[in-house]
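The structure under discussion appears below in the form of structure tokens.
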There are 2 protein chains.
Amino acid sequence: MSTRRATITDVARTAGVSPSTASVVFSGKTPVSDATRRRVLDAAATLGYTGPDPRAASLRRGRSGIVGVVLDLHLGAAFLDPVTRLTMDGLTESVAPLGAGLLLLRDRSSVAAERDEPGPTLTTAPLDAAVLMGCSGLLRESLASVRARGIPVVVVEGDAGSDVPQIRLDNREAQRQAAHHLRGLGHTRVAVVTLPLTDERARGWVGADAEAAITVDVTRDRLAGARDVYPDAPLWASASSSIDEGVTAGRALFAGPDRPTAVLAQSDLLAAGVIRAAEEGGLRVPDDVSVTGFDGVVVDGLAPYSLTTLVQPASEKGRAAGDAVAAMLDGRDAASILFTCTFREGNTTGPAPR
Amino acid sequence: MSTRRATITDVARTAGVSPSTASVVFSGKTPVSDATRRRVLDAAATLGYTGPDPRAASLRRGRSGIVGVVLDLHLGAAFLDPVTRLTMDGLTESVAPLGAGLLLLRDRSSVAAERDEPGPTLTTAPLDAAVLMGCSGLLRESLASVRARGIPVVVVEGDAGSDVPQIRLDNREAQRQAAHHLRGLGHTRVAVVTLPLTDERARGWVGADAEAAITVDVTRDRLAGARDVYPDAPLWASASSSIDEGVTAGRALFAGPDRPTAVLAQSDLLAAGVIRAAEEGGLRVPDDVSVTGFDGVVVDGLAPYSLTTLVQPASEKGRAAGDAVAAMLDGRDAASILFTCTFREGNTTGPAPR
DNA sequence: TTGTACGCGTTATCAA
DNA sequence: TTGATAACGCGTACAA
């Protein structure tokens, strides 16, 4: 084997052209005569040169073609959430035309403290831009340093300073619609199953104090919407958004004496679990209990139910984030966007039983 | 605003030291006197310098700290699979100590053909290494060029040339164990629900021709294990690994005259769906029908069932891939690994009804 | 259409 | 403990 990788200079020399010409052959930025191109390509083949070194190209260009995505959980957990998956899909799509790929990063504020592993960070990775998805407030510092480096940042469903473009949802209004819907059906005994209230993710009934101390934006906003219509509805906080958590919640809800006739769940997965718990308890949905979800995602295994829910434009959110990144990379500035959910009536809600 | 970002040279000049000294202050590779360090740090703060440009550092070092991960589907679909999630988690962990992050790449062979979007590829991204997860054979070409560039590659559950380290599972033996288990319970009328047979992902009953034309390794190997014990079991191919697909399969299986008393599903999700379909059809599990899964993952919403299944070391696979990458990056060479599944008996299998 | 010259921002090496 | 030097491999004005 040879001692060193071939560079474009080697190729140029072998082909008998200048390095710039060889470069142009690969980038296609400038017309090159067919004869020259062939000579260069042949030389490249001979030398085993497979194209410009991305590292060098990236230094020269000032672009790496990499967009960092910061998730607030470890991968598996983050992607457990269908909304996250859809949003990532949208982001992937909208970022591809930029010639960029997504680099998975973790919110160091939550992890790095534990043990001092290195790992790529917002500050050490060769990023062209960064997208923060639903990250905790603690990451402010990294955010600051990234912005200091002049790297465009977009925040999706998270709490960032006001001068960062944000992609958000009308969580409160949307949840209010669902509550209205239930009230219109005559429901008065309604319970709410919430997403985690804080990073601690404590599960169980929620008292006034805990309710006042909610730190997760999404949870707080959706709850506010429910409260607009049902100020006194009892609250059960789940530890995560999953069917199993919904089942746990449902069991608790349906166990007591004053069984609710309707449940506002803050996610479709939770709603699916609540429905499962209802069936398990011999309650029929929606005859005995109405259940609403939130997100409008496909819940694997929920058929034949079709949830009454708020459909959120999940992949559009990702796409919007990508577009914002593209805009900023382009020198334009990106505005924050507030997406709207659509109420969709399924077969899981019905008139309140008398 | 100033005209240009500060560089380490600017910082050095301001601090009255040489660039190399300033560099060392940031990298910590060499002891520096406290006084000097302070001067440099102060200068950096003054100039708004937040640390070395990763692009330049990466060119100089010859390392980017990025490991590419090629998935054979779009993100959302890939992460729909719990095994993929776990594997990615393991990979993330084992790659973090390397100071590396994961860059999400798509199998261009499947996508690029469609439309000619640029997007990051195996060949244009600044990768230190690449991990291919369950990718189709078509990607051979990219694989070749990557290897030509001297980039270490590891393949997980996919079909690559023999000279690439592979991380695989004893699919056949494992599935055979499940089949043995069923035979031990006296089952003779057994059906198999498979993962997709080919990239086309056609759903339905499988004839001999189709069975002979299976292109997906995992599917073929697991089926072989089932065939070792039940050479004549009827086959239903699902279009993906999901509960809903399992339901569809189950309905088909339980509709016919010769209803099977046991079902070997090639994934836990499929098994969960089959169970759901059984319940739906008034069959009790395991009294009327036994069902086995494959993977040993937590299926959200499956409780109170605990599947009889083959537990595969999913995150270990990811970790092994990361370790292999680390080894190769280190100049050592990495061997292929064959992981073993563990049979776990749950409450979804029982004696064949008489 | 092709070639020349230079700099992108760092860091490894070695000498002081 | 610090500093000088020399790449790292490429792209792009600009000139020819």
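Residue numbering restarts at 1 for every chain of the structure tokens, chains are lettered A, B, ... in their displayed order, and ligands are numbered from 1 as they appear.
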Using only C-alpha atoms (C1' of nucleotides), find each residue in chain C having at least one atom no more than 10 Å away from chain A; report its shortest atom-to-atom pair and that distance in Å (one decimal), rows by chain then rising number, as JSON lines.
```
{"residue": "C:DT1", "atom": "C1'", "partner": "A:Val32", "partner_atom": "CA", "distance": 6.6}
{"residue": "C:DT2", "atom": "C1'", "partner": "A:Thr21", "partner_atom": "CA", "distance": 6.6}
{"residue": "C:DG3", "atom": "C1'", "partner": "A:Ser18", "partner_atom": "CA", "distance": 6.0}
{"residue": "C:DT4", "atom": "C1'", "partner": "A:Ser18", "partner_atom": "CA", "distance": 9.1}
{"residue": "C:DG7", "atom": "C1'", "partner": "A:Arg60", "partner_atom": "CA", "distance": 8.8}
{"residue": "C:DC8", "atom": "C1'", "partner": "A:Arg60", "partner_atom": "CA", "distance": 5.0}
{"residue": "C:DG9", "atom": "C1'", "partner": "A:Leu59", "partner_atom": "CA", "distance": 8.1}
```
Give the residues of chain D that lie within 9 Å of chain B; count only C-alpha atoms (C1' of nucleotides), and format the answer as a list in words.
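Only these qualify: DT1, DT2, DG3, DA4, DA7, DC8 and DG9 of chain D.
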For C-alpha atoms (C1' of nucleotides), I'd like the residues from the last selection saved as a compact mmCIF listing (two decimals), in the first residue's frame.
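Written output follows (again_29.txt):
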```
# COMPACT_ATOMS: atom_id res chain seq x y z
C1' DT D 1 6.82 26.34 29.77
C1' DT D 2 6.76 28.81 25.48
C1' DG D 3 7.45 29.92 20.51
C1' DA D 4 8.54 29.28 15.42
C1' DA D 7 1.65 21.47 7.00
C1' DC D 8 -3.66 19.72 6.83
C1' DG D 9 -6.29 19.61 1.52
```
Give me, as number ranges by chain, all polymer residues having an atom no more than 10 Å from segment 91-96 of chain B, counting only C-alpha atoms (C1' of nucleotides) and skipping those fewer than 6 positions away in the same chain.
A: 74-76, 104-106, 117-120; B: 65-67, 69, 85, 102, 131, 315-326
How would the residues just chosen look if you wrote them out with C-alpha atoms as a compact mmCIF listing (two decimals), in the first residue's frame?
```txt
# COMPACT_ATOMS: atom_id res chain seq x y z
CA HIS A 74 -31.36 9.73 25.09
CA LEU A 75 -32.15 8.66 21.60
CA GLY A 76 -34.33 5.70 22.27
CA LEU A 104 -27.50 13.85 16.98
CA LEU A 105 -26.50 15.69 20.08
CA ARG A 106 -27.62 15.35 23.61
CA GLU A 117 -17.63 12.09 29.33
CA PRO A 118 -16.48 14.07 26.35
CA GLY A 119 -18.78 13.48 23.48
CA PRO A 120 -19.70 15.95 20.82
CA GLY B 65 -15.53 13.31 15.65
CA ILE B 66 -18.41 12.18 13.52
CA VAL B 67 -19.65 8.69 12.89
CA VAL B 69 -25.11 5.98 10.61
CA ARG B 85 -33.96 2.41 18.86
CA LEU B 102 -23.80 10.27 15.13
CA VAL B 131 -22.13 2.20 10.66
CA SER B 315 -28.29 -2.33 22.69
CA GLU B 316 -25.29 -4.59 23.02
CA LYS B 317 -25.31 -4.85 19.27
CA GLY B 318 -25.09 -1.09 19.04
CA ARG B 319 -22.39 -1.01 21.62
CA ALA B 320 -20.45 -3.66 19.77
CA ALA B 321 -20.70 -1.63 16.60
CA GLY B 322 -19.35 1.39 18.44
CA ASP B 323 -16.55 -0.64 19.93
CA ALA B 324 -15.66 -2.00 16.54
CA VAL B 325 -15.52 1.52 15.19
CA ALA B 326 -13.34 2.56 18.09
```
Name the residues of segment 140-335 of chain B that come out as strand (DSSP E) in a backbone DSSP run; write them as a list in words.
Val153, Val154, Val155, Val156, Gln166, Ile167, Arg168, Leu169, Val190, Ala191, Val192, Val193, Thr194, Gly204, Trp205, Leu235, Trp236, Ala237, Ala262, Val263, Leu264, Ala265, Ser290, Val291, Thr292, Thr309, Leu310 and Val311 of chain B
Residues near Arg344 of chain A, cut-off 9 Å, only C-alpha atoms (C1' of nucleotides), skip fewer than 2 positions along chain, as a list in words
Gly296, Leu307, Thr308, Thr309, Leu310, Val311, Thr342 and Gly346 of chain A
Please provide the set of residues having any atom within 9 Å of Arg39 of chain A, restricted to only C-alpha atoms (C1' of nucleotides), with same-chain residues fewer than 4 positions apart removed, written as a PyMOL selection string.
chain A and resi 14-17+34-35+43-44
Going by DSSP on the backbone, which bits of segment 170-216 of chain B are helix (DSSP H, G or I)? Write them as a PyMOL selection string, please.
chain B and resi 171-184+208-212
